[in-house]
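model01.cif follows; it contains mmCIF, C-alpha atoms.
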```cif
data_input
#
loop_
_atom_site.label_atom_id
_atom_site.label_comp_id
_atom_site.auth_asym_id
_atom_site.auth_seq_id
_atom_site.Cartn_x
_atom_site.Cartn_y
_atom_site.Cartn_z
CA MET Z 1 -17.85 -34.68 -24.41
CA PHE Z 2 -15.28 -32.69 -22.40
CA SER Z 3 -13.50 -33.94 -19.37
CA PHE Z 4 -13.82 -32.11 -16.07
CA ASN Z 5 -10.17 -31.09 -16.34
CA ALA Z 6 -10.78 -29.57 -19.76
CA HIS Z 7 -13.56 -27.41 -18.37
CA GLY Z 8 -11.36 -26.43 -15.43
CA ARG Z 9 -8.51 -25.34 -17.69
CA ILE Z 10 -10.83 -23.39 -19.93
CA ARG Z 11 -12.49 -21.63 -17.01
CA ASP Z 12 -9.15 -20.66 -15.57
CA GLN Z 13 -8.40 -18.89 -18.84
CA LEU Z 14 -11.70 -17.05 -19.22
CA SER Z 15 -10.63 -13.91 -17.37
CA ALA Z 16 -7.47 -13.53 -19.43
CA TYR Z 17 -9.57 -14.18 -22.55
CA ILE Z 18 -12.00 -11.42 -21.59
CA ASP Z 19 -9.07 -9.00 -21.26
CA GLY Z 20 -7.39 -10.08 -24.49
CA GLU Z 21 -4.45 -11.43 -22.51
CA LEU Z 22 -4.58 -14.95 -23.89
CA GLU Z 23 -2.16 -15.99 -26.61
CA ALA Z 24 -3.71 -16.56 -30.03
CA ALA Z 25 -3.37 -20.33 -29.97
CA ALA Z 26 -4.86 -20.66 -26.50
CA ALA Z 27 -7.65 -18.24 -27.45
CA GLY Z 28 -8.43 -20.38 -30.50
CA ARG Z 29 -8.67 -23.53 -28.40
CA LEU Z 30 -10.86 -21.74 -25.88
CA GLU Z 31 -13.22 -20.47 -28.56
CA ALA Z 32 -13.52 -23.94 -30.04
CA HIS Z 33 -14.44 -25.26 -26.61
CA LEU Z 34 -16.94 -22.47 -26.00
CA ALA Z 35 -18.70 -23.26 -29.27
CA GLY Z 36 -19.76 -26.60 -27.86
CA CYS Z 37 -20.05 -25.89 -24.14
CA GLU Z 38 -22.99 -23.95 -22.82
CA GLY Z 39 -21.74 -24.08 -19.23
CA CYS Z 40 -18.45 -22.40 -20.06
CA ARG Z 41 -20.22 -19.82 -22.20
CA LEU Z 42 -22.44 -18.98 -19.25
CA GLU Z 43 -19.40 -18.69 -17.01
CA LEU Z 44 -17.75 -16.38 -19.54
CA GLU Z 45 -20.78 -14.07 -19.52
CA GLN Z 46 -20.94 -14.08 -15.73
CA LEU Z 47 -17.31 -13.09 -15.46
CA ARG Z 48 -17.78 -10.39 -18.09
CA ALA Z 49 -20.72 -9.01 -16.13
CA THR Z 50 -18.71 -9.08 -12.91
CA ALA Z 51 -15.79 -7.22 -14.47
CA ALA Z 52 -18.14 -4.68 -16.04
CA SER Z 53 -19.83 -4.09 -12.69
CA LEU Z 54 -16.47 -3.43 -11.09
CA ARG Z 55 -15.60 -0.92 -13.78
CA ASP Z 56 -18.88 0.87 -13.07
CA LEU Z 57 -18.22 1.29 -9.37
CA PRO Z 58 -18.50 4.96 -8.35
CA GLU Z 59 -15.24 6.84 -8.42
CA VAL Z 60 -13.80 7.56 -4.99
CA GLN Z 61 -12.68 11.12 -4.33
CA ALA Z 62 -9.83 11.97 -1.99
CA PRO Z 63 -11.33 13.44 1.20
CA ARG Z 64 -8.62 16.10 1.43
CA SER Z 65 -5.38 17.20 -0.17
CA PHE Z 66 -2.42 14.93 0.47
CA ALA Z 67 0.09 17.48 -0.84
CA LEU Z 68 3.19 17.60 1.34
CA SER Z 69 4.10 20.69 3.29
CA PRO Z 70 7.76 21.76 3.07
CA GLU Z 71 8.24 20.76 6.70
CA ARG Z 72 6.78 17.34 6.18
CA ALA Z 73 8.72 16.80 3.00
CA ALA Z 74 11.97 17.97 4.56
CA GLY Z 75 11.36 16.06 7.74
CA ARG Z 76 11.03 12.82 5.92
CA ARG Z 77 13.93 13.11 3.52
CA PRO Z 78 17.04 11.32 4.70
CA ARG Z 79 19.29 13.48 2.55
CA ALA Z 80 17.99 16.59 4.22
CA GLY Z 81 20.09 15.74 7.23
CA ALA Z 82 18.94 12.74 9.18
CA THR Z 83 15.22 12.49 9.76
CA ALA Z 84 13.03 15.35 10.94
CA PRO Z 85 15.93 17.58 12.00
CA LEU Z 86 13.90 20.33 13.63
CA ALA Z 87 11.59 18.12 15.65
CA LEU Z 88 14.46 15.81 16.49
CA GLY Z 89 16.67 18.67 17.64
CA MET Z 90 13.96 20.00 19.91
CA ARG Z 91 13.30 16.58 21.39
CA LEU Z 92 17.01 16.00 21.88
CA ALA Z 93 17.42 19.35 23.54
CA ALA Z 94 14.45 18.70 25.82
CA ALA Z 95 15.78 15.28 26.77
CA GLY Z 96 19.26 16.69 27.36
CA VAL Z 97 17.99 19.53 29.50
CA ALA Z 98 15.85 17.16 31.55
CA VAL Z 99 18.75 14.83 32.20
CA ALA Z 100 21.07 17.74 32.94
CA LEU Z 101 18.65 19.28 35.42
CA ALA Z 102 18.25 15.96 37.19
CA ALA Z 103 22.01 15.56 37.27
CA VAL Z 104 22.56 19.07 38.62
CA LEU Z 105 20.13 18.32 41.40
CA VAL Z 106 22.00 15.15 42.27
CA VAL Z 107 25.40 16.85 42.08
CA ASP Z 108 24.25 19.84 44.05
CA LEU Z 109 22.55 17.84 46.76
CA GLY Z 110 25.35 15.34 47.06
CA GLY Z 111 28.09 17.92 46.87
CA LEU Z 112 29.82 15.86 44.27
CA ALA Z 113 32.00 17.26 41.54
CA GLY Z 114 31.79 14.66 38.76
CA ASP Z 115 34.44 14.41 36.12
CA GLY Z 116 32.16 13.33 33.28
CA GLY Z 117 32.62 14.01 29.58
CA SER Z 118 34.90 11.06 28.97
CA GLY Z 119 36.10 10.02 25.58
CA THR Z 120 34.02 6.88 25.82
CA THR Z 121 30.87 8.93 26.07
CA ARG Z 122 31.80 10.93 23.01
CA GLU Z 123 32.42 7.80 20.98
CA THR Z 124 29.07 6.45 22.04
CA ALA Z 125 27.40 9.61 20.81
CA SER Z 126 29.14 9.28 17.51
CA ASP Z 127 28.00 5.68 17.15
CA GLN Z 128 24.45 6.65 17.93
CA GLU Z 129 24.50 9.34 15.29
CA ARG Z 130 25.66 6.86 12.67
CA GLN Z 131 22.87 4.49 13.64
CA PHE Z 132 20.36 7.28 13.59
CA THR Z 133 21.04 8.37 10.06
CA ALA Z 134 20.41 4.92 8.61
CA PRO Z 135 17.88 5.18 5.76
CA THR Z 136 14.33 4.13 6.55
CA ASP Z 137 12.63 4.38 3.19
CA ALA Z 138 12.04 0.69 2.68
CA ALA Z 139 8.42 1.20 1.63
CA ALA Z 140 9.36 2.63 -1.71
CA PRO Z 141 10.23 0.36 -4.58
CA ASP Z 142 13.78 0.32 -5.79
CA ALA Z 143 15.23 2.61 -8.35
CA GLU Z 144 14.32 3.10 -11.98
CA GLY Z 145 10.68 2.29 -11.60
CA ALA Z 146 11.48 -1.39 -11.31
CA PRO Z 147 10.42 -2.40 -7.84
CA THR Z 148 12.04 -5.41 -6.29
CA PRO Z 149 9.86 -8.48 -5.97
CA ALA Z 150 8.08 -8.83 -2.68
CA THR Z 151 8.29 -11.99 -0.68
CA GLY Z 152 4.57 -12.36 -0.18
CA GLY Z 153 3.61 -11.07 -3.59
CA ALA Z 154 6.23 -13.03 -5.42
CA PRO Z 155 5.11 -15.67 -7.85
CA THR Z 156 4.68 -19.06 -6.36
CA ALA Z 157 5.43 -22.38 -7.92
CA ALA Z 158 1.76 -23.27 -7.77
CA GLU Z 159 0.74 -20.39 -10.02
CA SER Z 160 1.53 -20.22 -13.71
CA ASP Z 161 0.46 -18.59 -16.94
CA THR Z 162 -1.84 -21.35 -17.98
CA GLY Z 163 -2.64 -23.57 -15.06
CA MET Z 164 -3.97 -22.04 -11.88
CA PRO Z 165 -4.00 -24.71 -9.21
CA GLU Z 166 -5.71 -23.91 -5.99
CA GLN Z 167 -3.62 -22.74 -3.12
CA PRO Z 168 -4.27 -20.70 -0.04
CA ASP Z 169 -4.07 -17.02 -0.90
CA GLU Z 170 -4.11 -15.30 2.42
CA VAL Z 171 -2.60 -11.91 3.13
CA GLN Z 172 0.96 -12.16 1.95
CA PRO Z 173 2.78 -9.01 2.90
CA PRO Z 174 5.73 -8.14 0.72
CA ALA Z 175 9.26 -8.20 1.98
CA GLU Z 176 9.48 -4.47 1.74
CA SER Z 177 8.34 -2.68 4.81
CA THR Z 178 7.49 0.87 5.62
CA GLY Z 179 10.18 0.87 8.19
CA ASP Z 180 8.35 0.32 11.44
CA GLY Z 181 11.43 -1.30 12.86
CA GLY Z 182 13.36 1.69 11.62
CA ILE Z 183 11.04 4.02 13.47
CA ASP Z 184 11.45 2.00 16.67
CA ALA Z 185 15.20 2.00 16.24
CA LEU Z 186 14.99 5.70 15.57
CA ALA Z 187 13.13 6.30 18.80
CA ALA Z 188 15.66 4.22 20.73
CA ALA Z 189 18.57 6.04 19.11
CA GLU Z 190 16.88 9.33 19.82
CA ILE Z 191 16.50 8.52 23.52
CA ALA Z 192 20.06 7.26 23.70
CA LEU Z 193 21.32 10.39 21.99
CA GLY Z 194 19.32 12.53 24.39
CA VAL Z 195 20.73 10.70 27.38
CA THR Z 196 24.25 10.95 26.00
CA PHE Z 197 23.80 14.64 25.33
CA GLY Z 198 22.53 15.03 28.86
CA LEU Z 199 25.56 13.24 30.23
CA LEU Z 200 27.84 15.52 28.27
CA VAL Z 201 26.03 18.55 29.67
CA LEU Z 202 26.30 16.97 33.11
CA GLY Z 203 30.03 16.58 32.67
CA GLY Z 204 30.42 20.22 31.73
CA LEU Z 205 28.27 21.39 34.60
CA GLY Z 206 30.13 19.13 36.99
CA LEU Z 207 33.45 20.60 35.95
CA ALA Z 208 32.04 24.10 36.27
CA ILE Z 209 30.75 23.41 39.76
CA ALA Z 210 34.01 21.78 40.75
CA GLY Z 211 35.94 24.81 39.46
CA ARG Z 212 33.70 27.19 41.38
CA LYS Z 213 34.10 25.25 44.62
CA THR Z 214 37.85 25.25 44.33
CA MET X 1 4.07 8.94 -20.26
CA HIS X 2 2.51 12.36 -20.65
CA THR X 3 5.01 15.14 -21.33
CA ASP X 4 3.75 17.27 -18.46
CA GLU X 5 3.98 14.32 -16.13
CA ALA X 6 7.49 13.52 -17.31
CA SER X 7 8.47 17.11 -16.67
CA LEU X 8 6.91 17.05 -13.20
CA ILE X 9 8.72 13.81 -12.39
CA GLU X 10 12.02 15.24 -13.53
CA ARG X 11 11.55 18.35 -11.42
CA SER X 12 10.43 16.23 -8.48
CA ARG X 13 13.57 14.15 -8.79
CA ARG X 14 15.57 17.34 -8.34
CA GLY X 15 13.68 18.09 -5.12
CA ASP X 16 11.03 20.46 -6.49
CA LEU X 17 8.21 20.05 -3.97
CA ASP X 18 5.70 22.06 -6.00
CA ALA X 19 6.19 19.74 -8.94
CA PHE X 20 5.84 16.71 -6.71
CA ASN X 21 2.67 18.08 -5.15
CA ALA X 22 1.20 18.53 -8.63
CA LEU X 23 1.70 14.78 -9.05
CA VAL X 24 0.15 14.19 -5.63
CA LEU X 25 -2.97 16.09 -6.65
CA ALA X 26 -3.17 14.13 -9.89
CA TYR X 27 -2.89 10.72 -8.21
CA GLN X 28 -4.28 11.17 -4.71
CA GLY X 29 -7.79 10.06 -5.74
CA PRO X 30 -6.73 6.71 -7.22
CA VAL X 31 -4.22 6.08 -4.43
CA TYR X 32 -6.79 6.85 -1.75
CA SER X 33 -9.33 4.68 -3.56
CA VAL X 34 -6.98 1.69 -3.54
CA CYS X 35 -6.07 2.24 0.12
CA LEU X 36 -9.72 2.57 1.09
CA ARG X 37 -10.69 -0.64 -0.63
CA MET X 38 -7.69 -2.48 0.74
CA LEU X 39 -8.14 -1.29 4.33
CA GLY X 40 -11.91 -0.89 4.50
CA SER X 41 -12.36 2.43 6.31
CA PRO X 42 -11.52 6.08 5.74
CA GLN X 43 -9.05 6.99 8.49
CA PRO X 44 -6.58 4.16 7.90
CA ALA X 45 -6.93 4.84 4.18
CA GLU X 46 -6.06 8.52 4.70
CA ASP X 47 -3.06 7.59 6.81
CA ALA X 48 -1.90 5.07 4.22
CA THR X 49 -2.33 7.57 1.40
CA GLN X 50 -0.31 10.21 3.22
CA GLU X 51 2.37 7.68 4.05
CA THR X 52 2.46 6.62 0.41
CA PHE X 53 3.21 10.11 -0.84
CA ILE X 54 5.79 10.75 1.86
CA ALA X 55 7.58 7.55 0.89
CA ALA X 56 7.23 8.44 -2.78
CA PHE X 57 8.78 11.86 -2.30
CA ARG X 58 11.62 10.27 -0.42
CA ALA X 59 12.23 7.83 -3.27
CA VAL X 60 11.28 9.82 -6.36
CA SER X 61 14.89 10.72 -7.08
CA ARG X 62 15.37 7.04 -7.90
CA PHE X 63 12.36 6.81 -10.22
CA ARG X 64 13.47 6.94 -13.84
CA ARG X 65 11.10 5.04 -16.06
CA GLY X 66 7.97 2.94 -16.13
CA SER X 67 4.46 3.76 -15.04
CA LEU X 68 4.31 6.35 -12.28
CA ARG X 69 0.86 5.27 -11.19
CA ALA X 70 1.97 1.63 -10.99
CA TRP X 71 4.97 2.79 -8.94
CA LEU X 72 2.71 4.78 -6.61
CA PHE X 73 0.28 1.86 -6.31
CA ARG X 74 3.22 -0.36 -5.43
CA ILE X 75 4.17 1.90 -2.56
CA ALA X 76 0.52 2.17 -1.48
CA ALA X 77 0.16 -1.61 -1.59
CA ASN X 78 3.20 -2.03 0.62
CA VAL X 79 1.83 0.49 3.10
CA CYS X 80 -1.54 -1.30 3.12
CA TYR X 81 0.08 -4.72 3.54
CA ASP X 82 2.01 -3.35 6.50
CA GLU X 83 -1.21 -2.09 8.05
CA LEU X 84 -2.98 -5.40 7.45
CA ARG X 85 -0.04 -7.21 9.00
CA ARG X 86 -0.17 -4.91 12.03
CA ARG X 87 -3.86 -5.69 12.46
CA ARG X 88 -3.17 -9.40 12.36
CA SER X 89 -0.41 -9.12 14.93
CA ARG X 90 -2.51 -6.94 17.23
CA PRO X 91 -5.95 -8.54 17.29
CA GLN X 92 -6.90 -6.66 20.45
CA VAL X 93 -7.05 -3.46 18.41
CA PRO X 94 -10.64 -3.07 17.17
CA LEU X 95 -10.82 -3.83 13.50
CA ASP X 96 -12.71 -1.79 10.99
CA ALA X 97 -16.44 -2.04 10.66
CA PRO X 98 -17.69 -5.21 9.02
CA ALA X 99 -16.81 -5.47 5.39
CA GLY X 100 -18.65 -3.08 3.18
CA GLU X 101 -20.22 -0.97 5.89
CA GLN X 102 -17.76 1.87 5.53
CA ARG X 103 -17.02 1.35 1.90
CA PRO X 104 -16.93 4.13 -0.65
CA ALA X 105 -20.05 6.23 -0.68
CA ALA X 106 -22.46 6.03 -3.57
CA GLU X 107 -22.13 8.61 -6.28
CA PRO X 108 -24.69 11.42 -6.49
CA ALA X 109 -27.97 10.64 -8.17
CA SER X 110 -28.27 11.35 -11.86
CA PRO X 111 -31.43 13.33 -12.65
CA ASP X 112 -32.16 11.11 -15.65
CA GLU X 113 -31.88 7.81 -13.83
CA PRO X 114 -35.13 6.19 -12.61
CA PRO X 115 -35.10 5.71 -8.82
CA GLU X 116 -35.50 1.93 -9.10
CA GLU X 117 -32.49 1.58 -11.37
CA ARG X 118 -30.44 3.83 -9.15
CA ALA X 119 -31.38 1.80 -6.07
CA GLU X 120 -30.50 -1.41 -7.89
CA ARG X 121 -27.17 -0.01 -9.04
CA GLN X 122 -26.31 1.19 -5.55
CA GLU X 123 -27.22 -2.17 -4.11
CA LEU X 124 -24.97 -3.87 -6.65
CA ALA X 125 -22.14 -1.46 -5.79
CA ARG X 126 -22.57 -2.12 -2.08
CA CYS X 127 -22.52 -5.85 -2.65
CA LEU X 128 -19.44 -5.58 -4.88
CA GLU X 129 -17.61 -3.65 -2.17
CA GLN X 130 -18.50 -6.34 0.33
CA GLY X 131 -17.36 -8.99 -2.09
CA LEU X 132 -14.06 -7.21 -2.66
CA ALA X 133 -13.53 -6.97 1.09
CA SER X 134 -14.05 -10.71 1.39
CA LEU X 135 -11.26 -11.58 -1.06
CA PRO X 136 -7.74 -12.51 0.05
CA ALA X 137 -5.58 -9.39 -0.04
CA ASP X 138 -3.54 -10.40 -3.08
CA GLN X 139 -6.60 -11.17 -5.17
CA ARG X 140 -8.35 -8.03 -3.90
CA LEU X 141 -5.43 -5.85 -4.90
CA ALA X 142 -5.13 -7.43 -8.36
CA VAL X 143 -8.86 -7.07 -9.08
CA ILE X 144 -8.96 -3.49 -7.80
CA LEU X 145 -5.98 -2.48 -9.91
CA ARG X 146 -7.26 -4.21 -13.03
CA ASP X 147 -11.02 -3.73 -12.96
CA VAL X 148 -11.56 -0.66 -10.80
CA GLN X 149 -8.42 1.33 -11.67
CA GLY X 150 -8.15 0.00 -15.20
CA LEU X 151 -4.46 -0.94 -15.18
CA ALA X 152 -3.07 -3.22 -17.87
CA TYR X 153 -1.87 -6.62 -16.71
CA GLU X 154 1.74 -5.49 -17.07
CA GLU X 155 1.06 -2.51 -14.83
CA VAL X 156 -0.65 -4.72 -12.28
CA ALA X 157 2.44 -6.92 -12.31
CA GLU X 158 4.60 -3.86 -11.82
CA ALA X 159 2.43 -2.55 -9.01
CA THR X 160 2.28 -5.85 -7.17
CA GLY X 161 5.76 -7.14 -7.82
CA ALA X 162 4.26 -10.36 -9.14
CA SER X 163 4.83 -12.16 -12.42
CA LEU X 164 2.35 -11.83 -15.26
CA GLY X 165 1.23 -15.41 -14.71
CA THR X 166 0.58 -14.74 -11.06
CA VAL X 167 -1.37 -11.61 -11.94
CA LYS X 168 -3.55 -13.57 -14.38
CA SER X 169 -4.18 -16.17 -11.72
CA ARG X 170 -5.10 -13.65 -9.05
CA ILE X 171 -7.43 -11.72 -11.34
CA SER X 172 -9.07 -14.94 -12.52
CA ARG X 173 -9.61 -16.29 -9.03
CA GLY X 174 -10.64 -12.94 -7.64
CA ARG X 175 -13.25 -12.36 -10.33
CA ALA X 176 -14.57 -15.91 -9.99
CA ALA X 177 -14.90 -15.48 -6.22
CA LEU X 178 -16.66 -12.16 -6.70
CA ARG X 179 -19.00 -13.70 -9.25
CA ASP X 180 -19.85 -16.45 -6.74
CA PHE X 181 -20.34 -13.82 -4.04
CA LEU X 182 -22.81 -11.93 -6.23
CA LEU X 183 -24.66 -15.04 -7.36
CA ALA X 184 -25.03 -16.20 -3.76
CA ARG X 185 -26.85 -12.96 -3.04
CA GLY X 186 -29.46 -13.51 -5.68
CA GLU X 187 -30.86 -10.77 -7.77
CA LEU X 188 -27.75 -8.69 -8.38
CA LEU X 189 -26.83 -10.20 -11.70
CA PRO X 190 -29.35 -10.49 -14.52
CA SER X 191 -31.31 -13.72 -14.30
CA ARG X 192 -29.70 -15.16 -17.41
CA PHE X 193 -26.39 -15.29 -15.54
CA ARG X 194 -27.72 -17.29 -12.63
CA PRO X 195 -26.41 -20.79 -12.15
CA SER X 196 -29.70 -22.62 -12.76
CA SER X 197 -28.56 -23.55 -16.25
CA GLU X 198 -24.98 -24.20 -15.17
CA GLY X 199 -23.20 -26.69 -17.42
CA PRO X 200 -20.94 -29.53 -16.35
#
```

Any chance you could give the structure as structure tokens?
Amino acid sequence: MFSFNAHGRIRDQLSAYIDGELEAAAAGRLEAHLAGCEGCRLELEQLRATAASLRDLPEVQAPRSFALSPERAAGRRPRAGATAPLALGMRLAAAGVAVALAAVLVVDLGGLAGDGGSGTTRETASDQERQFTAPTDAAAPDAEGAPTPATGGAPTAAESDTGMPEQPDEVQPPAESTGDGGIDALAAAEIALGVTFGLLVLGGLGLAIAGRKT
Amino acid sequence: MHTDEASLIERSRRGDLDAFNALVLAYQGPVYSVCLRMLGSPQPAEDATQETFIAAFRAVSRFRRGSLRAWLFRIAANVCYDELRRRRSRPQVPLDAPAGEQRPAAEPASPDEPPEERAERQELARCLEQGLASLPADQRLAVILRDVQGLAYEEVAEATGASLGTVKSRISRGRAALRDFLLARGELLPSRFRPSSEGP
């Protein structure tokens, strides 16, 4: 007669036994138990059938090619000079031109000759550039094919090699992220850079206008 | 590791995009398959797959040893977890179709297979996909990697960032839950596996 706990321990080990992942001593104990326990033998066969059915699932084909274009590859590589240099440059230029045009309108209508282009503005631009080039590749595991443990996927005290106590197993996202925050920060830095660039252009235009008026 | 693959990895690490894309073509099916089963519908799975390979190209210079497919699955899993987390934090965004409804399509019919057997097999596959979708994400990922993709336990541990003991636990609980899911739906397992003669 086996205790309920004995059956529970054995059943927790059945999957590993099916896959040959149980140590020899534990496998021997399990086989001895199975010899006298019809219920656990049935459970073993059910789990075997389940695993076999999963292996027989139809293979999924990729719906299209996911090969990277040179632009996409270059645009996403931090070492290639920040992130997405071409698209970024165009967006920066557009933002700068928009701000500059608005500023010219204001200056022209108000008859003001601003003296922009201060050193403070330049330092701000420099700071923004440093922030912008921060790496955002947090989705990829760390170097040498040895990914860092994830917070959510990390082993918990309640799980172990032999015993498998019940515990909630909800979605536990890993600590690593694909850099959403980085993308938001990127967008903010991009806007700030655009505005700063615009202000610099404004300063130059202001000086030019002032020089012409004098 | 296969010699050709090792060579492609080495060239990829030096920035050779053609070499990297050869790896993409070799692994895009399995990566897409994992993303599809983790996320439940094609478009998010495509986005996750593309994001996986972009992140992989960005990081491949730091890949030196180990299983490339486990490394790629690790990145894909992180991308999928991020997407699942986004869905939880934005419940107003319509979720995917109910579990299993947009799951992987059935394979083409084999001319030698009797129609009844084919229908039964497709029904079992559909039910398995639904059962997989019902599992907690960690168990789902472990079972997909082990039983569908055929990874060794060590590779599953590598791909999930979990210990071997945790992997064993997740596979065990995931399979048991799937077994219960199938049994609850009746005829999908042979009658001798049904719980009528369940022991203590």

How big is the axis-aligned box around the listed atoms of stretch 39-51 of chain X once 8 Å is added on each side, and where is its centre? Give both in Å to one decimal, as JSON.
```
{"center_x": -5.0, "center_y": 4.5, "center_z": 4.9, "size_x": 30.7, "size_y": 27.5, "size_z": 23.1}
```

(message) the PyMOL selection byres ((chain X) within 7 of (chain Z)) - which residues does that actually catch in the file I just gave you? List them as a PyMOL selection string.
(response) chain X and resi 21+24-25+28-29+32-33+50+54-56+58-59+62-66+71+75+78-79+81-82+85+104+106-107+125+136-138+147-148+160-163+165-166+168-169+172+175-176+179+193+198-200

Measure the distance from atom CA of X:Ala6 to atom CA of X:Ala157 in Å and round it to one decimal.
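Separating atom CA of X:Ala6 from atom CA of X:Ala157 is a distance of 21.6 Å.
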
Computed gap from atom CA of X:Arg37 to atom CA of X:Leu178 is 14.3 Å

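Between atom CA of X:Leu17 and atom CA of X:Leu141 the interatomic distance comes to 29.3 Å.
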
Leaving out X:Leu39 and any residue of its chain fewer than 6 positions from it, which residues lie within 8 Å of it when counting all atoms listed in the file, given as a list in words?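 Residues near the query, excluding close chain neighbours: Ala45, Cys80, Glu83 and Leu84 of chain X.
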
Please return, as a PyMOL selection string, all polymer residues that have at least one atom within 10 Å of the point (1.7, -2.5, -15.6); use all atoms listed in the file and the file's own coordinate frame.
-> chain X and resi 66-71+145-146+151-161+164

Q: Name the closest residue to X:Arg170 among the candidates X:Cys127, X:Gln139, X:Ser89, X:Leu182; distances are taken between atoms, counting only C-alpha atoms.
A: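 Smallest distance to X:Arg170 is found for X:Gln139.
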